[in-house]
file structure-v4.cif (mmCIF, C-alpha atoms and all ligand atoms)
data_model
#
loop_
_atom_site.label_atom_id
_atom_site.label_comp_id
_atom_site.auth_asym_id
_atom_site.auth_seq_id
_atom_site.Cartn_x
_atom_site.Cartn_y
_atom_site.Cartn_z
CA MET A 1 118.19 96.41 83.32
CA GLN A 2 118.62 96.18 87.07
CA ILE A 3 115.90 95.58 89.65
CA LEU A 4 115.68 98.11 92.47
CA ASP A 5 115.21 95.52 95.19
CA GLY A 6 113.23 97.25 97.91
CA LYS A 7 112.79 94.04 99.86
CA ALA A 8 116.53 93.40 100.21
CA THR A 9 117.31 97.09 100.81
CA ALA A 10 114.67 97.31 103.55
CA ALA A 11 116.11 94.18 105.18
CA GLN A 12 119.55 95.84 105.21
CA ILE A 13 118.05 99.01 106.78
CA ARG A 14 116.33 96.91 109.47
CA LEU A 15 119.72 95.33 110.30
CA GLU A 16 121.30 98.78 110.62
CA LEU A 17 118.46 99.98 112.85
CA LYS A 18 118.71 96.81 114.94
CA GLY A 19 122.35 97.65 115.61
CA ALA A 20 121.44 101.20 116.60
CA VAL A 21 118.73 99.98 119.00
CA GLU A 22 121.05 97.43 120.58
CA LYS A 23 123.56 100.22 121.15
CA ARG A 24 120.87 102.37 122.76
CA LYS A 25 119.83 99.50 125.00
CA SER A 26 123.41 98.79 126.09
CA ASN A 27 123.80 102.50 126.95
CA GLY A 28 120.67 102.29 129.13
CA GLU A 29 118.73 104.53 126.70
CA LYS A 30 115.05 104.17 125.92
CA THR A 31 113.81 101.59 123.41
CA PRO A 32 111.83 103.37 120.67
CA HIS A 33 108.10 102.59 120.87
CA LEU A 34 105.82 102.91 117.82
CA ALA A 35 102.04 102.71 118.07
CA ALA A 36 99.70 102.19 115.12
CA ILE A 37 95.96 102.85 115.08
CA LEU A 38 93.83 100.92 112.60
CA VAL A 39 90.11 101.60 112.14
CA GLY A 40 87.88 99.27 110.14
CA ASN A 41 88.48 96.04 108.28
CA ASP A 42 90.21 97.03 105.05
CA GLY A 43 92.36 94.05 104.05
CA GLY A 44 95.16 96.15 102.53
CA SER A 45 95.43 98.41 105.58
CA LEU A 46 95.51 95.42 107.91
CA THR A 47 98.34 93.85 105.88
CA TYR A 48 100.37 97.09 105.98
CA VAL A 49 99.86 97.70 109.69
CA ASN A 50 100.79 94.10 110.52
CA ALA A 51 103.95 94.49 108.41
CA LYS A 52 104.83 97.67 110.36
CA VAL A 53 104.43 95.86 113.69
CA LYS A 54 106.50 92.92 112.42
CA ALA A 55 109.29 95.28 111.32
CA CYS A 56 109.34 96.76 114.85
CA GLU A 57 109.74 93.27 116.31
CA GLN A 58 112.59 92.43 113.91
CA ILE A 59 114.45 95.62 114.80
CA GLY A 60 113.82 95.44 118.54
CA PHE A 61 111.48 98.43 118.83
CA ASP A 62 108.49 98.22 121.15
CA SER A 63 105.17 98.42 119.32
CA SER A 64 101.46 98.66 120.06
CA LEU A 65 98.68 97.90 117.61
CA ILE A 66 95.41 99.62 118.51
CA LYS A 67 92.52 98.22 116.46
CA TYR A 68 88.91 99.37 116.26
CA ASP A 69 86.17 97.79 114.15
CA ASP A 70 84.58 101.23 114.32
CA ILE A 71 84.99 104.38 116.40
CA SER A 72 83.53 107.90 116.40
CA GLU A 73 85.65 110.87 115.37
CA ALA A 74 85.50 112.25 118.93
CA GLU A 75 86.69 108.94 120.41
CA LEU A 76 89.53 108.71 117.90
CA LEU A 77 90.58 112.30 118.68
CA ALA A 78 90.62 111.37 122.37
CA LYS A 79 92.86 108.36 121.61
CA VAL A 80 95.23 110.53 119.57
CA ASN A 81 95.41 112.95 122.47
CA GLU A 82 96.13 110.11 124.88
CA LEU A 83 99.05 108.90 122.70
CA ASN A 84 100.33 112.48 122.38
CA ASN A 85 100.60 112.61 126.17
CA ASP A 86 101.93 109.08 126.71
CA GLU A 87 105.63 109.45 127.53
CA ASN A 88 106.23 105.82 126.66
CA ILE A 89 105.04 106.25 123.03
CA ASP A 90 107.73 107.90 120.87
CA GLY A 91 105.82 107.97 117.60
CA PHE A 92 102.49 106.81 116.24
CA ILE A 93 100.53 106.55 113.03
CA VAL A 94 96.86 106.45 112.14
CA GLN A 95 96.55 104.17 109.13
CA LEU A 96 94.71 105.77 106.20
CA PRO A 97 92.16 105.68 104.69
CA LEU A 98 89.78 106.23 107.60
CA PRO A 99 86.02 105.53 107.36
CA SER A 100 84.10 108.39 105.72
CA HIS A 101 82.51 109.63 108.98
CA ILE A 102 85.99 110.58 110.25
CA ASP A 103 87.74 113.70 108.95
CA GLU A 104 91.29 112.54 108.09
CA LEU A 105 92.72 116.05 108.14
CA LYS A 106 91.28 116.74 111.58
CA ILE A 107 92.87 113.54 112.91
CA THR A 108 96.21 114.23 111.20
CA MET A 109 96.29 117.75 112.62
CA ALA A 110 95.58 116.46 116.13
CA ILE A 111 98.79 114.37 116.16
CA ASP A 112 101.71 115.96 118.02
CA PRO A 113 104.14 116.91 115.18
CA LEU A 114 106.99 115.54 117.33
CA LYS A 115 105.31 112.11 117.32
CA ASP A 116 104.06 112.27 113.70
CA VAL A 117 106.39 109.59 112.30
CA ASP A 118 104.31 109.45 109.08
CA GLY A 119 105.32 113.07 108.41
CA PHE A 120 101.73 113.95 107.39
CA HIS A 121 101.13 116.85 109.82
CA PRO A 122 101.16 120.28 108.10
CA GLU A 123 103.99 121.36 110.41
CA ASN A 124 106.21 118.51 109.21
CA LEU A 125 105.21 119.00 105.56
CA GLY A 126 105.94 122.74 105.87
CA LYS A 127 109.32 122.06 107.45
CA MET A 128 110.07 119.54 104.69
CA VAL A 129 109.40 122.23 102.06
CA LEU A 130 111.86 124.54 103.85
CA SER A 131 114.46 121.73 104.29
CA LEU A 132 114.23 122.06 108.10
CA PRO A 133 114.67 119.05 110.44
CA CYS A 134 111.37 117.10 110.46
CA PHE A 135 109.79 113.73 109.80
CA LEU A 136 109.76 113.06 106.06
CA PRO A 137 106.72 111.24 104.63
CA ALA A 138 107.55 107.54 104.54
CA THR A 139 106.89 106.58 100.91
CA PRO A 140 108.73 109.53 99.29
CA ALA A 141 111.62 109.15 101.75
CA GLY A 142 111.78 105.40 101.04
CA ILE A 143 111.96 106.03 97.29
CA LEU A 144 114.81 108.53 97.71
CA GLU A 145 116.65 106.10 100.01
CA LEU A 146 116.32 103.35 97.38
CA LEU A 147 117.67 105.63 94.62
CA LYS A 148 120.54 106.67 96.90
CA ARG A 149 121.54 103.12 97.86
CA TYR A 150 121.67 102.14 94.17
CA ASN A 151 123.82 105.23 93.41
CA ILE A 152 121.32 106.50 90.86
CA GLU A 153 122.27 109.97 89.66
CA THR A 154 119.35 112.36 90.01
CA SER A 155 121.11 115.73 89.72
CA GLY A 156 120.06 117.57 86.57
CA LYS A 157 117.75 114.76 85.47
CA ASP A 158 114.25 115.25 84.10
CA CYS A 159 111.79 113.51 86.38
CA ILE A 160 108.06 113.02 86.00
CA VAL A 161 105.92 112.16 89.01
CA ILE A 162 102.51 110.87 87.92
CA GLY A 163 99.91 111.45 90.64
CA ARG A 164 99.62 114.35 93.10
CA SER A 165 98.41 112.70 96.31
CA ASN A 166 99.21 114.39 99.62
CA ILE A 167 101.13 111.39 100.87
CA VAL A 168 103.20 110.46 97.80
CA GLY A 169 103.19 112.50 94.57
CA MET A 170 102.97 116.04 95.93
CA PRO A 171 105.69 115.73 98.63
CA LEU A 172 107.92 113.56 96.42
CA SER A 173 107.84 116.12 93.60
CA ILE A 174 109.13 118.74 96.07
CA MET A 175 111.79 116.46 97.59
CA LEU A 176 113.16 115.48 94.17
CA ALA A 177 113.49 119.14 93.18
CA GLN A 178 115.31 120.19 96.36
CA ASN A 179 119.00 121.01 96.46
CA SER A 180 119.95 117.67 98.00
CA ASN A 181 121.18 114.21 97.13
CA PRO A 182 119.08 112.53 95.84
CA GLY A 183 117.43 115.63 94.42
CA ASN A 184 118.26 118.47 92.05
CA CYS A 185 115.88 117.02 89.47
CA THR A 186 113.79 119.12 87.13
CA VAL A 187 110.38 117.80 88.10
CA THR A 188 107.09 117.60 86.23
CA LEU A 189 104.12 116.76 88.47
CA ALA A 190 101.52 115.13 86.22
CA HIS A 191 97.87 114.56 87.17
CA SER A 192 94.44 113.86 85.69
CA ARG A 193 94.33 117.25 83.87
CA THR A 194 97.82 116.97 82.37
CA LYS A 195 97.94 117.46 78.59
CA ASP A 196 100.14 115.30 76.36
CA LEU A 197 101.13 112.97 79.18
CA LYS A 198 102.71 110.40 76.85
CA GLU A 199 105.06 112.99 75.34
CA LYS A 200 106.04 114.23 78.79
CA VAL A 201 106.73 110.71 80.10
CA ALA A 202 108.76 109.91 76.97
CA LYS A 203 111.16 112.78 77.76
CA ALA A 204 111.73 111.77 81.40
CA ASP A 205 114.94 110.21 82.74
CA ILE A 206 113.14 109.18 85.95
CA ILE A 207 109.47 108.15 86.06
CA ILE A 208 107.55 107.78 89.32
CA ALA A 209 104.11 106.21 88.86
CA ALA A 210 101.80 106.88 91.83
CA ILE A 211 98.22 106.90 90.57
CA GLY A 212 96.82 103.52 91.60
CA LYS A 213 95.88 102.38 88.06
CA PRO A 214 97.28 98.95 87.14
CA ASN A 215 99.46 98.87 83.99
CA PHE A 216 98.99 102.62 83.36
CA VAL A 217 102.61 103.12 82.26
CA THR A 218 103.29 101.10 79.13
CA ALA A 219 106.50 100.33 77.22
CA ASP A 220 105.66 102.71 74.33
CA MET A 221 105.57 105.64 76.77
CA ILE A 222 109.11 105.43 78.16
CA LYS A 223 112.52 106.14 76.71
CA GLU A 224 115.37 103.60 76.63
CA GLY A 225 117.40 103.63 79.83
CA ALA A 226 114.77 105.37 82.00
CA VAL A 227 114.61 104.74 85.75
CA VAL A 228 111.10 103.61 86.68
CA VAL A 229 109.67 103.60 90.20
CA ASP A 230 106.25 101.98 90.67
CA VAL A 231 104.27 103.08 93.73
CA GLY A 232 101.02 101.35 92.71
CA THR A 233 99.57 98.61 94.92
CA THR A 234 96.14 97.73 93.55
CA ARG A 235 94.61 94.41 94.50
CA VAL A 236 93.27 92.63 91.40
CA GLU A 237 91.43 89.32 91.23
CA ASP A 238 93.74 86.40 90.51
CA SER A 239 92.31 82.91 90.87
CA SER A 240 95.79 81.37 90.63
CA LYS A 241 96.64 82.90 94.03
CA LYS A 242 95.68 81.28 97.31
CA ASN A 243 94.04 84.47 98.61
CA GLY A 244 92.28 85.14 95.27
CA TRP A 245 94.10 88.40 94.45
CA ALA A 246 97.46 89.73 93.31
CA LEU A 247 99.10 93.09 93.95
CA LYS A 248 99.48 95.10 90.73
CA GLY A 249 101.64 98.15 90.19
CA ASP A 250 100.94 101.14 87.93
CA VAL A 251 103.57 99.94 85.45
CA ASP A 252 103.27 97.17 82.87
CA PHE A 253 106.39 95.60 84.36
CA GLU A 254 106.87 92.75 81.91
CA ASN A 255 107.06 95.01 78.85
CA VAL A 256 108.52 98.14 80.47
CA ALA A 257 111.39 96.44 82.35
CA PRO A 258 113.50 95.52 79.26
CA LYS A 259 113.66 99.21 78.27
CA CYS A 260 114.72 100.50 81.71
CA SER A 261 118.10 100.97 83.33
CA PHE A 262 116.47 100.41 86.75
CA ILE A 263 112.95 99.45 87.79
CA THR A 264 111.13 98.60 91.02
CA PRO A 265 109.00 95.44 91.12
CA VAL A 266 105.55 95.16 92.74
CA PRO A 267 105.56 93.65 95.28
CA GLY A 268 109.07 93.99 96.71
CA GLY A 269 109.91 97.51 95.57
CA VAL A 270 108.52 100.67 97.17
CA GLY A 271 106.26 98.91 99.75
CA PRO A 272 109.06 97.53 101.96
CA MET A 273 110.94 100.85 101.64
CA THR A 274 107.90 102.74 103.00
CA ILE A 275 107.99 100.55 106.10
CA ALA A 276 111.78 100.95 106.42
CA SER A 277 111.35 104.76 106.31
CA LEU A 278 108.75 104.62 109.04
CA MET A 279 111.26 102.68 111.14
CA ILE A 280 113.97 105.30 110.42
CA ASN A 281 111.51 108.02 111.49
CA THR A 282 110.69 106.11 114.68
CA LEU A 283 114.35 106.00 115.68
CA ARG A 284 114.66 109.65 114.70
CA SER A 285 111.73 110.55 116.96
CA MET A 286 114.03 109.85 119.90
CA GLU A 287 116.50 112.38 118.57
CA LEU A 288 113.89 115.03 117.72
CA ARG A 289 112.37 114.70 121.20
CA GLY A 290 115.79 114.66 122.89
CA LYS A 291 115.49 111.12 124.29
N1 LIG B 1 97.93 104.56 103.84
C1 LIG B 1 98.69 104.35 102.74
N2 LIG B 1 100.00 104.65 102.98
C2 LIG B 1 100.04 105.07 104.26
C3 LIG B 1 101.11 105.51 105.10
O1 LIG B 1 102.29 105.60 104.71
N3 LIG B 1 100.75 105.85 106.38
C4 LIG B 1 99.47 105.80 106.83
N4 LIG B 1 99.22 106.17 108.09
N5 LIG B 1 98.47 105.38 106.07
C5 LIG B 1 98.75 105.02 104.80
#
call {"tool": "encode", "arguments": {"input": "structure-v4.cif", "output": "structure tokens", "more": "lines below"}}
Ligand code: GUN
result
Amino acid sequence: MQILDGKATAAQIRLELKGAVEKRKSNGEKTPHLAAILVGNDGGSLTYVNAKVKACEQIGFDSSLIKYDDISEAELLAKVNELNNDENIDGFIVQLPLPSHIDELKITMAIDPLKDVDGFHPENLGKMVLSLPCFLPATPAGILELLKRYNIETSGKDCIVIGRSNIVGMPLSIMLAQNSNPGNCTVTLAHSRTKDLKEKVAKADIIIAAIGKPNFVTADMIKEGAVVVDVGTTRVEDSSKKNGWALKGDVDFENVAPKCSFITPVPGGVGPMTIASLMINTLRSMELRGK
């Protein structure tokens, strides 16, 4: 069994991006600038956004963190519009989830697709489906990058993606099935109405767990030698930790790991790769906008 070390892989990607930014700077080209909007006081969202800003600093990107305790939908739309028109901002994200009085789809659709480094805008998702140049959603792209850097063969493999969210399961199931590398999998997209889930998981060569239920995937469900990718990041109470909680994946890591050929840990697996992908997209925004 080998660990798919997202933390180390993301650090390597940051180094590569740092080199690319230094080269841009020495050529007198613009430094990429990422902005992140955070609304509310969700602890998890704050941690992720801070990690995104820190990654920018490490790479040498400019970054802006725009925080609101609360904001109306109209005010947030106005801010999105302002960032769309700000020549200095190359890409920006609005951290999800948003408070319930704000329509997430309305906000996502207001973002200029050429600055949508999360790849959530319908125009980018549509282009992704057609394999046209676009921003790929960060978590699925990070997972594919991790599989690629560990030379994991995906072509012809049976893959099950558990969970059909708009930002992970649904796009990832499409990307894994595309004629690309990594890709060319035969994909099953499982969800809450799936029948005989255990039997389906047991047949899979590659299992992606993205449902947000701690320890959902257990050792009896998987076949020997499977590749297991855990996207879950649920905070559960843990009095042995200083902050009182621990991050738990969707996979019962301790018992599943010995049966796998490769497995991602939580934390240190998919999470850092999501941030690395966002950084790749931010550099790519310069290219897509001809800067
Ligand atoms: N919430 C959970 N994951 C993400 C992400 O990748 N981007 C944004 N904007 N919000 C998220």
call {"tool": "residues_around", "arguments": {"input": "structure-v4.cif", "residues": "range 48-53 of chain A", "least_positions_apart": "3", "cutoff": "9 Å", "atoms": "only C-alpha atoms", "output": "ChimeraX atom specification"}}
result
/A:34-38,43-45,56-58,62-65,95,271-272,275-276,278-279
call {"tool": "residues_near_ligand", "arguments": {"input": "structure-v4.cif", "ligand": "ligand LIG 1 (chain B)", "cutoff": "7 Å", "atoms": "only C-alpha atoms and all ligand atoms", "output": "PyMOL selection string"}}
result
chain A and resi 45+93-97+118+138-139+274
call {"tool": "closest_residue", "arguments": {"input": "structure-v4.cif", "among": "A:Pro32, A:Asn27, A:Glu104, A:Arg235", "to": "Asn88 in chain A", "atoms": "all atoms listed in the file"}}
result
A:Pro32
call {"tool": "closest_residue", "arguments": {"input": "structure-v4.cif", "among": "A:Ile59, A:Lys291, A:Val256, A:Met286", "to": "Ala11 in chain A", "atoms": "all atoms listed in the file"}}
result
A:Ile59
call {"tool": "closest_residue", "arguments": {"input": "structure-v4.cif", "among": "A:Asp90, A:Glu16, A:Asp230, A:Asp158", "to": "Lys200 in chain A", "atoms": "only C-alpha atoms"}}
result
A:Asp158
call {"tool": "closest_residue", "arguments": {"input": "structure-v4.cif", "among": "A:Val129, A:Lys259, A:Asn184, A:Ile207", "to": "Asp220 in chain A", "atoms": "all atoms listed in the file"}}
result
A:Lys259
call {"tool": "residues_around", "arguments": {"input": "structure-v4.cif", "residues": "range 221-225 of chain A", "least_positions_apart": "2", "cutoff": "10 Å", "atoms": "only C-alpha atoms", "output": "ChimeraX atom specification"}}
result
/A:1,197-207,216-219,227-228,256-262
call {"tool": "closest_residue", "arguments": {"input": "structure-v4.cif", "among": "A:Val236, A:Ile263, A:Leu247, A:Ala110", "to": "Thr47 in chain A", "atoms": "only C-alpha atoms"}}
result
A:Leu247
call {"tool": "atom_distance", "arguments": {"input": "structure-v4.cif", "atom1": "CA of Met109 in chain A", "atom2": "CA of Pro122 in chain A"}}
result
7.1 Å
call {"tool": "residues_around", "arguments": {"input": "structure-v4.cif", "residues": "range 17-19 of chain A", "least_positions_apart": "2", "cutoff": "9 Å", "atoms": "all atoms listed in the file", "output": "number ranges by chain"}}
result
A: 12-15, 21-24, 58-61, 279-280, 283
call {"tool": "atom_distance", "arguments": {"input": "structure-v4.cif", "atom1": "CA of Cys159 in chain A", "atom2": "CA of Ile143 in chain A"}}
result
13.2 Å
